[in-house]
Amino acid sequence: MSSTSLSTGRSWRPSLPRRHVPVLATLALLLVMYGIGVSQYRAFSNIQVVFNVFIDNGFVLVVAVGMTFVILTGGIDLSVGSVVAMTAMVSASLLRDGLPAALVLVIALLIGPTLGFLMGCAIHFFEIQPFIVTLAGMFFARGMCTFISDSSISITDGFWTSMSQQRIGDPAGNFVSISVLIAFAVVLIAAYVLAYTRFGRNVYAVGGNAQSALLMGLPVARTRIAVYTISGLCSAIGGILLSFYTLSGAPLIAVGMELDVIAAVVIGGTVLTGGSGYVFGTVLGVLVLGVIQTLITFDGSLNSWWTKIVIGGLLFAFILLQRLIGIRFK
Amino acid sequence: MTAVADRLRPLTGHRLFWPALVLVVMLAANTVYRPGFLAVEVKNGHLYGTPIDILRLSAPLILVALGMTLVIATGGIDLSVGSLCAISGAIACLHISGAADQNSPATVATALALAFGAALVLGAWNGILVAVIGIQPIIATLILMVAGRGIAQLVTEGQIITINSGPYRAIGLGHFLTLPLAILIALAAALLVAAFTRRTALGLIVESVGGNAEASRLAGIRSRRIVFLVYVISAVCAALAGFMVTANVSSADGNAAGLWIELDAILAVVIGGTSLAGGRFSLGGTVLGALIIQTLTTTVYAMNISPQTSLLFKAVVVIAVCLVQAPAFRARLRRRRGTEPGPAAPQREKEQVPA
Amino acid sequence: MTGNRPVLTMTGISKTFPGVRALHDVDFRLFPGEVHALMGENGAGKSTLIKVLTGVYGTDAGVITLDGEQVSFSGPMQAAAAGVSTVYQEVNLCTNLSVAENVFIGREPRRLGAVRWGEMRRRARDLLARLDLDLDVTAPLGTYSLAVQQMVAIARAIDVQARVLILDEPTSSLDAGEVAQLFRIMRQLRDEGIAILFVTHFLDQVYGIADRITVLRNGTLVGEYRTEELPQFSLVEKMIGQELDVLERLDEQQKRATVDADDEAPLVDAAELGRRGAVAPFSLRIHAGEVVGLAGLLGSGRTEVARLIFGADRADHGQVRLDGGRAPVRNPIQAIGQGVGFCSENRRAEGIVPELTVRENMMLALQAARGWLRPIPRRRQDELVRRYVEALSIRPANPELPVRNLSGGNQQKVLLARWLITEPRLLILDEPTRGIDVGAKAEIQKLVVQLSDGGMAVLFISAELEEVLRLSHRVAVMRDREMVAQLDNDDTLDADRVMRTIASGTPREEVTR
Amino acid sequence: ACGNSDTGGDSGDGNDKIVLGFSQVGAESGWRTANTTSIKEAAAEAGIELKFDDAQQKQENQIKAIRNFIQQKVDVIAFSPVVESGWDTVLKEAKDAKIPVILTDRAVDSADKSLYKTFLGSDFVKEGRLAGEWLVEQKKAAPGPVNIVELQGTTGSAPANDRKKGFAEAIATNPNLKIVASQSGDFTRAGGKQVMEQFLKANPKIDVLFAHNDDMGLGALEAISAAGKTPGKDITIITVDAVKDGMQALADGKFNFIAECSPLLGPQLMELAKKVKAGEEVPARIETEETTFTQEQAKEALPNRKY
Ligand SMILES: Nc1ncnc2c1ncn2[C@@H]1O[C@H](COP(=O)(O)OP(=O)(O)OP(=O)(O)O)[C@@H](O)[C@H]1O
Ligand SMILES: Nc1ncnc2c1ncn2[C@@H]1O[C@H](COP(=O)(O)OP(=O)(O)OP(=O)(O)O)[C@@H](O)[C@H]1O
Ligand SMILES: [Mg+2]
Ligand SMILES: [Mg+2]
């Protein structure tokens, strides 16, 4: 019996590629969660609810994509929430000062990557832990927000307003915002970069084992600095989307967003130590958090503390199931 | 100049030298700004002054950071400590506020026991999620970070529970031998943890698990137990910190108590020289790190830096602290100043090294 | 080859690590179209010289020229760009990436900037076929054994159009067939005019392929010799720095008589032990004082057998018992508790804890067995550590150094010491002599003999068949993840017969016991 | 958690029970919790079905909640904006869905006033001004300079900005009144205490403390006592809010003056909700009935203080 059972041993690998199991499990669980929503609350089945999840999380998605790059290399970027706020704040204040929209966009989109680049350099060349560098970056960006203004600034610029209020939708009245399209574009580009470019593969290699990557002759320095720059860029884009979304810059917006984003990335199956994960997983992670939030709002009977407890509980249930499915398929 | 540098080598080579230097520089800067900064006087039979405040206020952070150090040494992270502070403080204050005699030591003891019990349960919960179920630590503890705030507010029903209990208050504000009790408790805890890890083999085993989990498993280490244990220790430390935070203001605020302390604690651990990747840890470094953070906060107030710019100030200081500490940065500086031969001038060197 | 100019010269290279002088005024030349062996004991500075050359480390002093021009690489990337292709000691690949990617990352075939996955896989398959490997190139590298990973690393290096190829102990866990394959390719490359720098501790490999030899001792240059002008024994003398009759002693070693223990109860009794996808169920008994060797080709499942017996992997078939009676072994903790030690072949991933010191690494298993509440007194630690640092000649002999700063061979010795300290009843050694120099290897072999004479059972795995035959009382032969035979190591058994068994698969009847 | 399911979906027509979607800032203080409680109780009393959402101090969450209320087709949406700006887009969606919006507690600075029906709440600037005016009145006879320290709320938050502004405006009338130090105590007791400790050490002579809420003031009390000074005597303490603990301190003579900021706007909100639902005209701005307390007034008011 032994030898026969073993002759098939070489192909014992399940036909489903094992590395896709976590993402597929997450997708399945997400659908289950959506199903629960639909069965419990009638208006939940409305397609606009799904669209709203995207509209409301478009900027989170973009930031999470940037974070995925960083986490894939085994790093972490705590500055994202503050950079988002800073970008929105800078845009709002420049627009208030009457600068043309195009110029403001360029400036706003430059600040984030520049900060990211500097942080990347500090992390790589001075070998300081990413946590601490990006925490300083977080302080800095948030400090810039309150430095610019300690109260929120409205945006009345025509371009911003039209980006904000443009609805792209079907005759039935369902719609998405332009931000959602931008977010999708970012996701697709990022997925392509990670899967099909040399740089993308280097990101995985550095996350797998930076020392080995170095000895394999890969540009570790460039890759490391680049991911923080990309994260900065994504945060900047996220900041612009947020300023479309709220048509304002507020010093305290997006506080604690970094944790949500990291959570989304990790829930999406990316391992915090780096080297494995997909952008698509990150999309799912963001959706999971978005749907949980939607479920809570639809329920509408929870008081403030039960809200938190239920969010934690749903998160727990989700992660537990995800983990158990993962183990089963191993 | 090199001679001096050489004589100082054993000192500068010490792990704790750079964090300690940073602390000293910060205190010195404050003293320059306000000469009275370091002044300590005796008031009502105990010491009074800014340094004492710093010590007292850093006590909860030291406690949380101690537990965090062990967690981080195993390669994990514990985001739930802030919520645990709030929960334990809330439970203790709730019990005391409901008691007939708030000043009775028995009441306070029961309150502490209840809160400790809760912390143990919640720490075990974290431990099970990480060690048994195998969820990534950051997510596993995020669950309790979110839900824990809710639990704390559930306990306080969203209100601030004010108490009036002398013995409980002493945890945060009492004095012993003219020194604040809080810092003594924190130091005792630090010594206890140090003894617990360095007098036993726990420290070695924690470092081994964090340094190479698979190798540790094959060496026969029960890494699950160890990982479980560190989360419980972290929770207990957080609970103790929670008592201090609430006793300090004689009230439990489910929302604000221990808010963002997890970030400060992680920062303290990292400044203290423990790597977030796990492995070697330094309790002394952590204590110094916590003192640095509290000094920084106090500096902002003492120098009356406007709240609008205080975060910028903090950013600059944190980055400076990291740079001074980073050996790579110092090496670069030295190379630039030319005290160390660079690869640029190898020939000349060769002549100095006769075969 | 002597007529032309060297493609690479290193002159007056010095490199000091805090507290350790790794290289001192070393010169080295490499000519096109030669295979040049770099020899030396563990910690002599071979790997450091290579890392200095490729810019992983900066030098303290010295000049490197490539094609007559002075160079100073900032890192492997630049070195590779200049035509220096390197396989470093230990496998330095990314286990999370697929096999194909590990071969090609950094120079993936692309169209319009996009990686062509299909093309890459095809080329990886072709390249690996040249090395006689048939792997699923889409599988993560980590699913393969260390030896396979080593082959992949070699494949990566030889694919490059390089002028200089550096191989730092590439053969340390390869079996004879694989080595022959590698040598064939090395000769081919040499004939194309490529200069090859080759590090190994196998003397016969050196004499099999090298044209010239440079010997390092203690970080200093001993000399550069033509292979044919340097007899084996004087090479060893030059490496060790004193006259030694190790080699002779080794050759003289007698065949080991079979332990006469048929009637005795076995110490280890693995009954129909197996794991789907890893090894077919096998039965193996080991008696106290017996050395059982495991022979087989790369990937034949030797490591898997060892891991199952140790409980490192969960068996889904059968069980192992020690001493008959007690509960079966299910995990490493139980195994260690019952007196089993397991020295893994993959010392970097499964062996050392790099941050910890030599002392701490050595004490780990013993401490784990005692539990964390009962620390080993420092005096006892120091004593044990001193004993094994001496016995295994670990260098530098400073037990407070982080183990990651030790050379590869010395790390291996530290691991060995870790298990010897626990005084196990069964010691499983998976490639214990991997990357260990001749002198130390002889010491370790002697140790195995001593220990088994003293009553310890040993399961000995090595890619070097001679070594297995020299030490074992009995040889279990693995083929295709199946234990096909267990042969008594009597006068009739020789390498040839084992190879034949491996190749043909002896019918089950012939299996002894 | 997912118990009472479908009820919210099909309101509006046929069903005469009004459905009110309310998005609260969070539960960051006792004041806020009292606010929430008041609204919940009032809704139950008025027979209005309340869909409650807690935004946990995040504007993003509030926008999400409003979008979801629109999806659920509630009859009226009410919310306490986390920040003043950034509501136009989502409010426009509500308007398009013909759902009236009521702002509570904080205003929004939208140019398009048609986006919401009315604002119900307090005027933070006025609170600061009341506090300042009281102080000016008290110190008008002061011979020399009066040193004031200020404990601000969370940097960047509306109440902090407005109370600071109102207070500064009011005391500008008397050049003797000078703010010597101003720091953020994050609206918490611990923050107030920690900052006050440093104020006391850095400034030898502090005459007045103005805290942006009671909690920070209560925290500061401890620091003042520890420094060997008597709160309410050596240092005049002015705060805002008038929660129960604050009133107690005022009655005990530790505080000197509180400008009230009442959280109890539930009944008024329900009334408004009914009116806008019925299509009645309502005033564009309704301020909650608020007062100020001196020590004597506090002693009277304390016994029937609910929160
Ligand atoms: N990163 C490092 N830090 C400190 N010391 C080091 C470091 N790397 C190597 N050494 C020391 O330098 C010396 C030379 O080591 P090296 O790795 O070059 O030896 P080797 O000849 O390759 O030995 P082996 O045959 O065991 O691989 C050793 O004494 C080692 O301890
Ligand atoms: N030619 C091959 N094709 C596919 N898988 C292989 C091949 N060779 C080795 N493997 C992998 O090697 C592993 C089994 O090898 P194991 O480590 O037990 O071998 P071994 O006999 O110890 O050989 P070595 O350690 O020398 O590689 C399996 O996980 C298998 O995936
Ligand atoms: Mg070497
Ligand atoms: Mg093997």
# chains A, B, ... in the order shown; residues from 1 in each chain; ligands from 1

call {"tool": "residues_near_ligand", "arguments": {"ligand": "ligand 2", "cutoff": "7 Å", "atoms": "only C-alpha atoms and all ligand atoms", "output": "number ranges by chain"}}
result
C: 133-136, 143-148, 173-175, 278, 296-305, 463

call {"tool": "write_last_selection", "arguments": {"atoms": "C-alpha atoms", "output": "CSV table (one decimal), in the first residue's frame"}}
result
chain,number,residue,atom,x,y,z
C,133,LEU,CA,17.1,18.8,-12.4
C,134,ASP,CA,13.5,18.4,-13.1
C,135,LEU,CA,11.7,20.8,-10.9
C,136,ASP,CA,8.3,22.5,-10.9
C,143,THR,CA,9.4,23.8,-0.9
C,144,TYR,CA,12.6,22.2,-2.0
C,145,SER,CA,15.4,20.8,0.0
C,146,LEU,CA,18.6,22.7,0.7
C,147,ALA,CA,20.6,20.7,-1.9
C,148,VAL,CA,18.1,21.6,-4.6
C,173,SER,CA,25.5,19.2,0.2
C,174,LEU,CA,25.6,17.8,-3.3
C,175,ASP,CA,26.0,14.1,-4.0
C,278,ALA,CA,7.3,13.3,1.9
C,296,GLY,CA,20.4,8.3,-1.4
C,297,LEU,CA,20.5,10.9,-4.0
C,298,LEU,CA,19.5,14.5,-3.7
C,299,GLY,CA,15.9,14.8,-2.8
C,300,SER,CA,15.5,11.1,-2.1
C,301,GLY,CA,14.0,11.8,1.2
C,302,ARG,CA,16.8,11.4,3.7
C,303,THR,CA,16.1,14.6,5.4
C,304,GLU,CA,12.4,13.8,5.6
C,305,VAL,CA,13.2,10.5,7.3
C,463,ALA,CA,25.9,13.4,0.7

call {"tool": "residues_near_ligand", "arguments": {"ligand": "ligand 3", "cutoff": "10 Å", "atoms": "only C-alpha atoms and all ligand atoms", "output": "tab-separated table (two decimals) with N, CA and C atoms, in the first residue's frame"}}
result
chain	number	residue	atom	x	y	z
C	39	MET	N	41.57	27.61	-0.79
C	39	MET	CA	41.49	26.61	0.28
C	39	MET	C	41.87	27.23	1.62
C	40	GLY	N	41.39	26.60	2.65
C	40	GLY	CA	41.74	27.06	3.99
C	40	GLY	C	40.77	26.46	5.00
C	41	GLU	N	41.20	26.52	6.23
C	41	GLU	CA	40.34	25.96	7.27
C	41	GLU	C	39.10	26.81	7.45
C	42	ASN	N	38.19	26.35	8.28
C	42	ASN	CA	37.03	27.15	8.62
C	42	ASN	C	37.49	28.43	9.29
C	43	GLY	N	36.99	29.54	8.77
C	43	GLY	CA	37.37	30.81	9.37
C	43	GLY	C	38.68	31.36	8.87
C	44	ALA	N	39.22	30.73	7.81
C	44	ALA	CA	40.49	31.22	7.28
C	44	ALA	C	40.31	32.55	6.56
C	45	GLY	N	39.12	32.82	6.10
C	45	GLY	CA	38.87	34.10	5.45
C	45	GLY	C	38.48	33.98	3.99
C	46	LYS	N	38.12	32.79	3.56
C	46	LYS	CA	37.80	32.58	2.14
C	46	LYS	C	36.56	33.38	1.76
C	47	SER	N	35.50	33.18	2.52
C	47	SER	CA	34.26	33.87	2.18
C	47	SER	C	34.43	35.37	2.30
C	48	THR	N	35.21	35.78	3.28
C	48	THR	CA	35.43	37.22	3.45
C	48	THR	C	36.15	37.80	2.24
C	49	LEU	N	37.13	37.05	1.74
C	49	LEU	CA	37.85	37.52	0.56
C	49	LEU	C	36.89	37.71	-0.61
C	50	ILE	N	35.99	36.75	-0.75
C	50	ILE	CA	35.03	36.82	-1.85
C	50	ILE	C	34.09	38.01	-1.66
C	51	LYS	N	33.66	38.21	-0.43
C	51	LYS	CA	32.74	39.31	-0.19
C	51	LYS	C	33.42	40.66	-0.35
C	88	TYR	N	27.31	32.71	-3.33
C	88	TYR	CA	27.89	32.86	-2.00
C	88	TYR	C	27.66	31.61	-1.19
C	89	GLN	N	28.46	31.49	-0.13
C	89	GLN	CA	28.28	30.36	0.77
C	89	GLN	C	26.91	30.46	1.42
C	90	GLU	N	26.34	29.34	1.77
C	90	GLU	CA	24.95	29.27	2.23
C	90	GLU	C	24.10	29.66	1.05
C	168	ASP	N	31.36	29.70	-3.89
C	168	ASP	CA	31.80	29.51	-2.51
C	168	ASP	C	31.10	28.29	-1.92
C	169	GLU	N	31.81	27.22	-1.82
C	169	GLU	CA	31.28	25.95	-1.32
C	169	GLU	C	29.95	25.58	-1.96
C	199	VAL	N	35.56	27.36	-4.09
C	199	VAL	CA	35.91	27.07	-2.71
C	199	VAL	C	35.26	25.75	-2.32
C	200	THR	N	36.03	24.88	-1.74
C	200	THR	CA	35.44	23.64	-1.25
C	200	THR	C	36.34	23.09	-0.14
C	201	HIS	N	35.78	22.17	0.62
C	201	HIS	CA	36.59	21.49	1.62
C	201	HIS	C	36.87	20.05	1.21
C	406	LEU	N	30.36	34.22	12.90
C	406	LEU	CA	31.29	33.12	12.67
C	406	LEU	C	31.25	32.68	11.21
C	407	SER	N	32.30	32.05	10.78
C	407	SER	CA	32.30	31.52	9.42
C	407	SER	C	31.36	30.32	9.39
C	408	GLY	N	30.96	29.97	8.14
C	408	GLY	CA	29.95	28.93	7.99
C	408	GLY	C	30.29	27.64	8.69
C	409	GLY	N	31.51	27.19	8.52
C	409	GLY	CA	31.91	25.93	9.11
C	409	GLY	C	31.88	25.97	10.62
C	410	ASN	N	32.27	27.10	11.17
C	410	ASN	CA	32.26	27.22	12.62
C	410	ASN	C	30.84	27.26	13.18
C	435	GLY	N	30.34	21.83	4.86
C	435	GLY	CA	31.10	23.06	4.97
C	435	GLY	C	32.16	23.03	6.04
C	436	ILE	N	32.54	21.84	6.45
C	436	ILE	CA	33.53	21.74	7.52
C	436	ILE	C	34.87	21.33	6.93

call {"tool": "closest_atom_pairs", "arguments": {"of": "chain B", "to": "chain A", "cutoff": "9 Å", "atoms": "only C-alpha atoms", "output": "tab-separated table"}}
result
residue	atom	partner	partner_atom	distance
B:Leu129	CA	A:Leu320	CA	8.6
B:Ile133	CA	A:Arg323	CA	7.7
B:Gly134	CA	A:Arg323	CA	7.8
B:Ile135	CA	A:Arg323	CA	7.1
B:Gln136	CA	A:Leu272	CA	7.6
B:Ile138	CA	A:Ala263	CA	7.9
B:Ile139	CA	A:Ala263	CA	6.3
B:Ala140	CA	A:Phe316	CA	7.8
B:Leu142	CA	A:Ala263	CA	8.0
B:Ile143	CA	A:Gly312	CA	4.8
B:Leu144	CA	A:Gly312	CA	6.6
B:Met145	CA	A:Gly312	CA	8.1
B:Val146	CA	A:Gly312	CA	5.6
B:Ala147	CA	A:Ile309	CA	4.0
B:Gly148	CA	A:Ile309	CA	7.0
B:Arg149	CA	A:Lys308	CA	7.0
B:Gly150	CA	A:Trp305	CA	4.0
B:Ile151	CA	A:Ile309	CA	6.6
B:Ala152	CA	A:Trp305	CA	8.1
B:Gln153	CA	A:Trp305	CA	5.7
B:Leu154	CA	A:Trp305	CA	5.9
B:Glu157	CA	A:Trp305	CA	8.2
B:Gly158	CA	A:Trp305	CA	7.6
B:Leu263	CA	A:Leu135	CA	8.8
B:Ile266	CA	A:Phe131	CA	8.8
B:Leu267	CA	A:Ile132	CA	6.6
B:Val270	CA	A:Ile132	CA	7.2
B:Ile271	CA	A:Ile132	CA	8.1
B:Ser275	CA	A:Gln129	CA	7.5
B:Leu276	CA	A:Gln129	CA	7.6
B:Ala277	CA	A:Thr273	CA	8.2
B:Pro307	CA	A:Thr146	CA	8.2
B:Gln308	CA	A:Thr146	CA	4.9
B:Thr309	CA	A:Phe147	CA	5.7
B:Ser310	CA	A:Gly143	CA	6.9
B:Leu311	CA	A:Gly143	CA	4.5
B:Leu312	CA	A:Gly143	CA	4.7
B:Phe313	CA	A:Phe140	CA	8.0
B:Lys314	CA	A:Phe139	CA	6.7
B:Ala315	CA	A:Ala136	CA	4.5
B:Val316	CA	A:Ala136	CA	7.3
B:Val317	CA	A:Ala136	CA	8.5
B:Val318	CA	A:Ala136	CA	6.0
B:Ile319	CA	A:Ala136	CA	6.1
B:Cys322	CA	A:Ile128	CA	6.7
B:Leu323	CA	A:Phe126	CA	7.3
B:Gln325	CA	A:Ile128	CA	8.6
B:Ala326	CA	A:Ile128	CA	6.2
B:Pro327	CA	A:Phe126	CA	7.5
B:Ala328	CA	A:Phe126	CA	4.9
B:Phe329	CA	A:Phe126	CA	4.9
B:Arg330	CA	A:Phe126	CA	8.6
B:Arg332	CA	A:Phe126	CA	8.4

call {"tool": "closest_residue", "arguments": {"among": "C:Leu471, C:Ala22, C:Val35, C:Ala288", "to": "ligand 1", "atoms": "only C-alpha atoms and all ligand atoms"}}
result
C:Ala22

call {"tool": "select_by_dssp", "arguments": {"residues": "segment 7-151 of chain D", "states": "helix (DSSP H, G or I)", "output": "PyMOL selection string"}}
result
chain D and resi 7-8+30-46+59-72+88-96+113-115+124-138

call {"tool": "select_by_dssp", "arguments": {"residues": "segment 128-239 of chain D", "states": "strand (DSSP E)", "output": "list in words"}}
result
Val146, Asn147, Ile148, Val149, Glu150, Leu151, Gln152, Leu177, Lys178, Ile179, Val180, Ala181, Ser182, Gln183, Ser184, Val208, Leu209, Phe210, Ala211, Thr236, Ile237, Ile238 and Thr239 of chain D

call {"tool": "residues_around", "arguments": {"residues": "Gly121 of chain D", "least_positions_apart": "4", "cutoff": "10 Å", "atoms": "only C-alpha atoms", "output": "JSON, numbers by chain"}}
result
{"D": [80, 103, 104, 105, 106, 107, 261, 262, 263, 264, 265, 268, 269, 285, 286, 287, 288, 289, 290]}

call {"tool": "closest_residue", "arguments": {"among": "A:Gly75, A:Pro113, A:Pro219, A:Gly37", "to": "chain D", "atoms": "only C-alpha atoms"}}
result
A:Gly37

call {"tool": "residues_around", "arguments": {"residues": "Trp31 of chain D", "least_positions_apart": "6", "cutoff": "12 Å", "atoms": "only C-alpha atoms", "output": "short mmCIF file (atom, residue, chain, number, x, y, z; two decimals) with N, CA, C and O atoms, in the first residue's frame"}}
result
data_model
loop_
_atom_site.label_atom_id
_atom_site.label_comp_id
_atom_site.auth_asym_id
_atom_site.auth_seq_id
_atom_site.Cartn_x
_atom_site.Cartn_y
_atom_site.Cartn_z
N GLY B 158 -19.72 55.06 29.26
CA GLY B 158 -19.42 56.27 28.52
C GLY B 158 -19.19 57.49 29.38
O GLY B 158 -18.94 58.57 28.86
N GLN B 159 -19.33 57.34 30.69
CA GLN B 159 -19.12 58.47 31.58
C GLN B 159 -17.71 58.40 32.18
O GLN B 159 -17.03 57.39 32.05
N ILE B 160 -17.33 59.46 32.83
CA ILE B 160 -16.09 59.40 33.59
C ILE B 160 -16.45 59.03 35.02
O ILE B 160 -17.27 59.70 35.65
N ASP B 253 -11.63 57.23 32.66
CA ASP B 253 -12.22 57.73 31.44
C ASP B 253 -12.01 56.66 30.37
O ASP B 253 -10.91 56.47 29.87
N VAL D 25 -20.76 62.15 16.75
CA VAL D 25 -19.31 62.27 16.60
C VAL D 25 -18.59 61.04 17.15
O VAL D 25 -17.75 60.44 16.51
N THR D 37 -27.36 60.16 25.09
CA THR D 37 -28.45 59.65 25.92
C THR D 37 -29.69 60.52 25.76
O THR D 37 -30.81 60.00 25.61
N SER D 38 -29.48 61.80 25.79
CA SER D 38 -30.60 62.72 25.67
C SER D 38 -31.36 62.48 24.37
O SER D 38 -32.60 62.42 24.34
N ASP D 105 -25.35 70.58 17.38
CA ASP D 105 -24.14 70.81 18.17
C ASP D 105 -23.07 71.64 17.46
O ASP D 105 -22.54 72.58 18.03
N PHE D 187 -8.64 67.90 26.00
CA PHE D 187 -9.97 67.74 26.61
C PHE D 187 -10.01 66.67 27.69
O PHE D 187 -11.08 66.23 28.08
N THR D 188 -8.86 66.17 28.13
CA THR D 188 -8.91 65.10 29.13
C THR D 188 -8.37 65.58 30.48
O THR D 188 -7.59 66.54 30.55
N ASN D 213 -12.70 72.82 28.78
CA ASN D 213 -13.83 72.02 29.30
C ASN D 213 -13.60 71.70 30.77
O ASN D 213 -12.51 71.94 31.31
N ASP D 214 -14.63 71.16 31.39
CA ASP D 214 -14.56 70.87 32.82
C ASP D 214 -13.47 69.86 33.15
O ASP D 214 -12.77 69.98 34.14
N ASP D 215 -13.37 68.84 32.28
CA ASP D 215 -12.45 67.75 32.59
C ASP D 215 -11.02 68.24 32.75
O ASP D 215 -10.33 67.88 33.70
N VAL D 240 -15.69 75.51 30.79
CA VAL D 240 -16.87 75.45 29.93
C VAL D 240 -17.46 74.06 30.06
O VAL D 240 -16.71 73.11 30.31
N ASP D 241 -18.76 73.93 29.89
CA ASP D 241 -19.50 72.64 29.83
C ASP D 241 -20.54 72.53 30.94
O ASP D 241 -21.70 72.33 30.65
N ALA D 242 -20.08 72.56 32.19
CA ALA D 242 -20.98 72.34 33.33
C ALA D 242 -21.51 70.92 33.38
O ALA D 242 -22.71 70.69 33.44
N VAL D 243 -20.62 69.95 33.33
CA VAL D 243 -21.05 68.58 33.64
C VAL D 243 -21.09 68.46 35.16
O VAL D 243 -20.65 69.36 35.88
N LYS D 244 -21.60 67.33 35.62
CA LYS D 244 -21.89 67.22 37.05
C LYS D 244 -20.64 67.41 37.91
O LYS D 244 -20.66 68.16 38.88
N ASP D 245 -19.55 66.72 37.53
CA ASP D 245 -18.32 66.83 38.32
C ASP D 245 -17.83 68.28 38.36
O ASP D 245 -17.32 68.76 39.38
N GLY D 246 -17.98 68.95 37.23
CA GLY D 246 -17.55 70.34 37.17
C GLY D 246 -18.40 71.21 38.09
O GLY D 246 -17.89 72.07 38.83
N GLU D 260 -22.00 77.33 30.48
CA GLU D 260 -22.63 76.05 30.19
C GLU D 260 -22.63 75.75 28.70
O GLU D 260 -22.75 76.66 27.87
N CYS D 261 -22.47 74.49 28.42
CA CYS D 261 -22.65 74.02 27.05
C CYS D 261 -23.51 72.79 27.19
O CYS D 261 -23.06 71.75 27.61
N SER D 262 -24.79 72.97 26.89
CA SER D 262 -25.72 71.91 27.27
C SER D 262 -25.77 70.79 26.24
O SER D 262 -25.91 71.04 25.05
N PRO D 263 -25.67 69.58 26.73
CA PRO D 263 -25.78 68.45 25.82
C PRO D 263 -27.23 68.02 25.59
O PRO D 263 -27.50 67.18 24.76
N LEU D 264 -28.14 68.56 26.34
CA LEU D 264 -29.50 68.01 26.36
C LEU D 264 -30.35 68.58 25.23
O LEU D 264 -31.30 69.32 25.48
N LEU D 265 -29.98 68.27 24.01
CA LEU D 265 -30.79 68.85 22.96
C LEU D 265 -31.70 67.83 22.30
O LEU D 265 -32.25 68.06 21.22
N LYS D 306 -28.43 66.31 35.91
CA LYS D 306 -28.60 64.91 35.53
C LYS D 306 -27.31 64.27 34.99
O LYS D 306 -27.13 63.07 35.06
N TYR D 307 -26.45 65.05 34.39
CA TYR D 307 -25.31 64.42 33.70
C TYR D 307 -23.99 64.96 34.24
O TYR D 307 -23.97 65.99 34.91
#

call {"tool": "interface_residues", "arguments": {"of": "chain A", "to": "chain D", "cutoff": "6 Å", "atoms": "only C-alpha atoms", "output": "ChimeraX atom specification"}}
result
/A:40-43,150-151,154,165,246-248,251,297,300-301,304

call {"tool": "atom_distance", "arguments": {"atom1": "atom CA of Ser165 of chain B", "atom2": "atom CA of Leu61 of chain B"}}
result
23.1 Å

call {"tool": "closest_residue", "arguments": {"among": "A:Gly290, A:Gly274, A:Gly232, A:Pro100", "to": "chain C", "atoms": "only C-alpha atoms"}}
result
A:Gly274

call {"tool": "closest_residue", "arguments": {"among": "B:Val287, B:Ala201, B:Val269, B:Val227", "to": "chain C", "atoms": "only C-alpha atoms"}}
result
B:Ala201

call {"tool": "residues_around", "arguments": {"residues": "Asn405 of chain C", "least_positions_apart": "2", "cutoff": "10 Å", "atoms": "only C-alpha atoms", "output": "count of residues only"}}
result
15

call {"tool": "residues_around", "arguments": {"residues": "Lys95 of chain D", "least_positions_apart": "4", "cutoff": "10 Å", "atoms": "only C-alpha atoms", "output": "ChimeraX atom specification"}}
result
/D:70,89-91,99-101,114-116

call {"tool": "atom_distance", "arguments": {"atom1": "atom CA of Val215 of chain C", "atom2": "atom CA of Lys238 of chain C"}}
result
7.1 Å
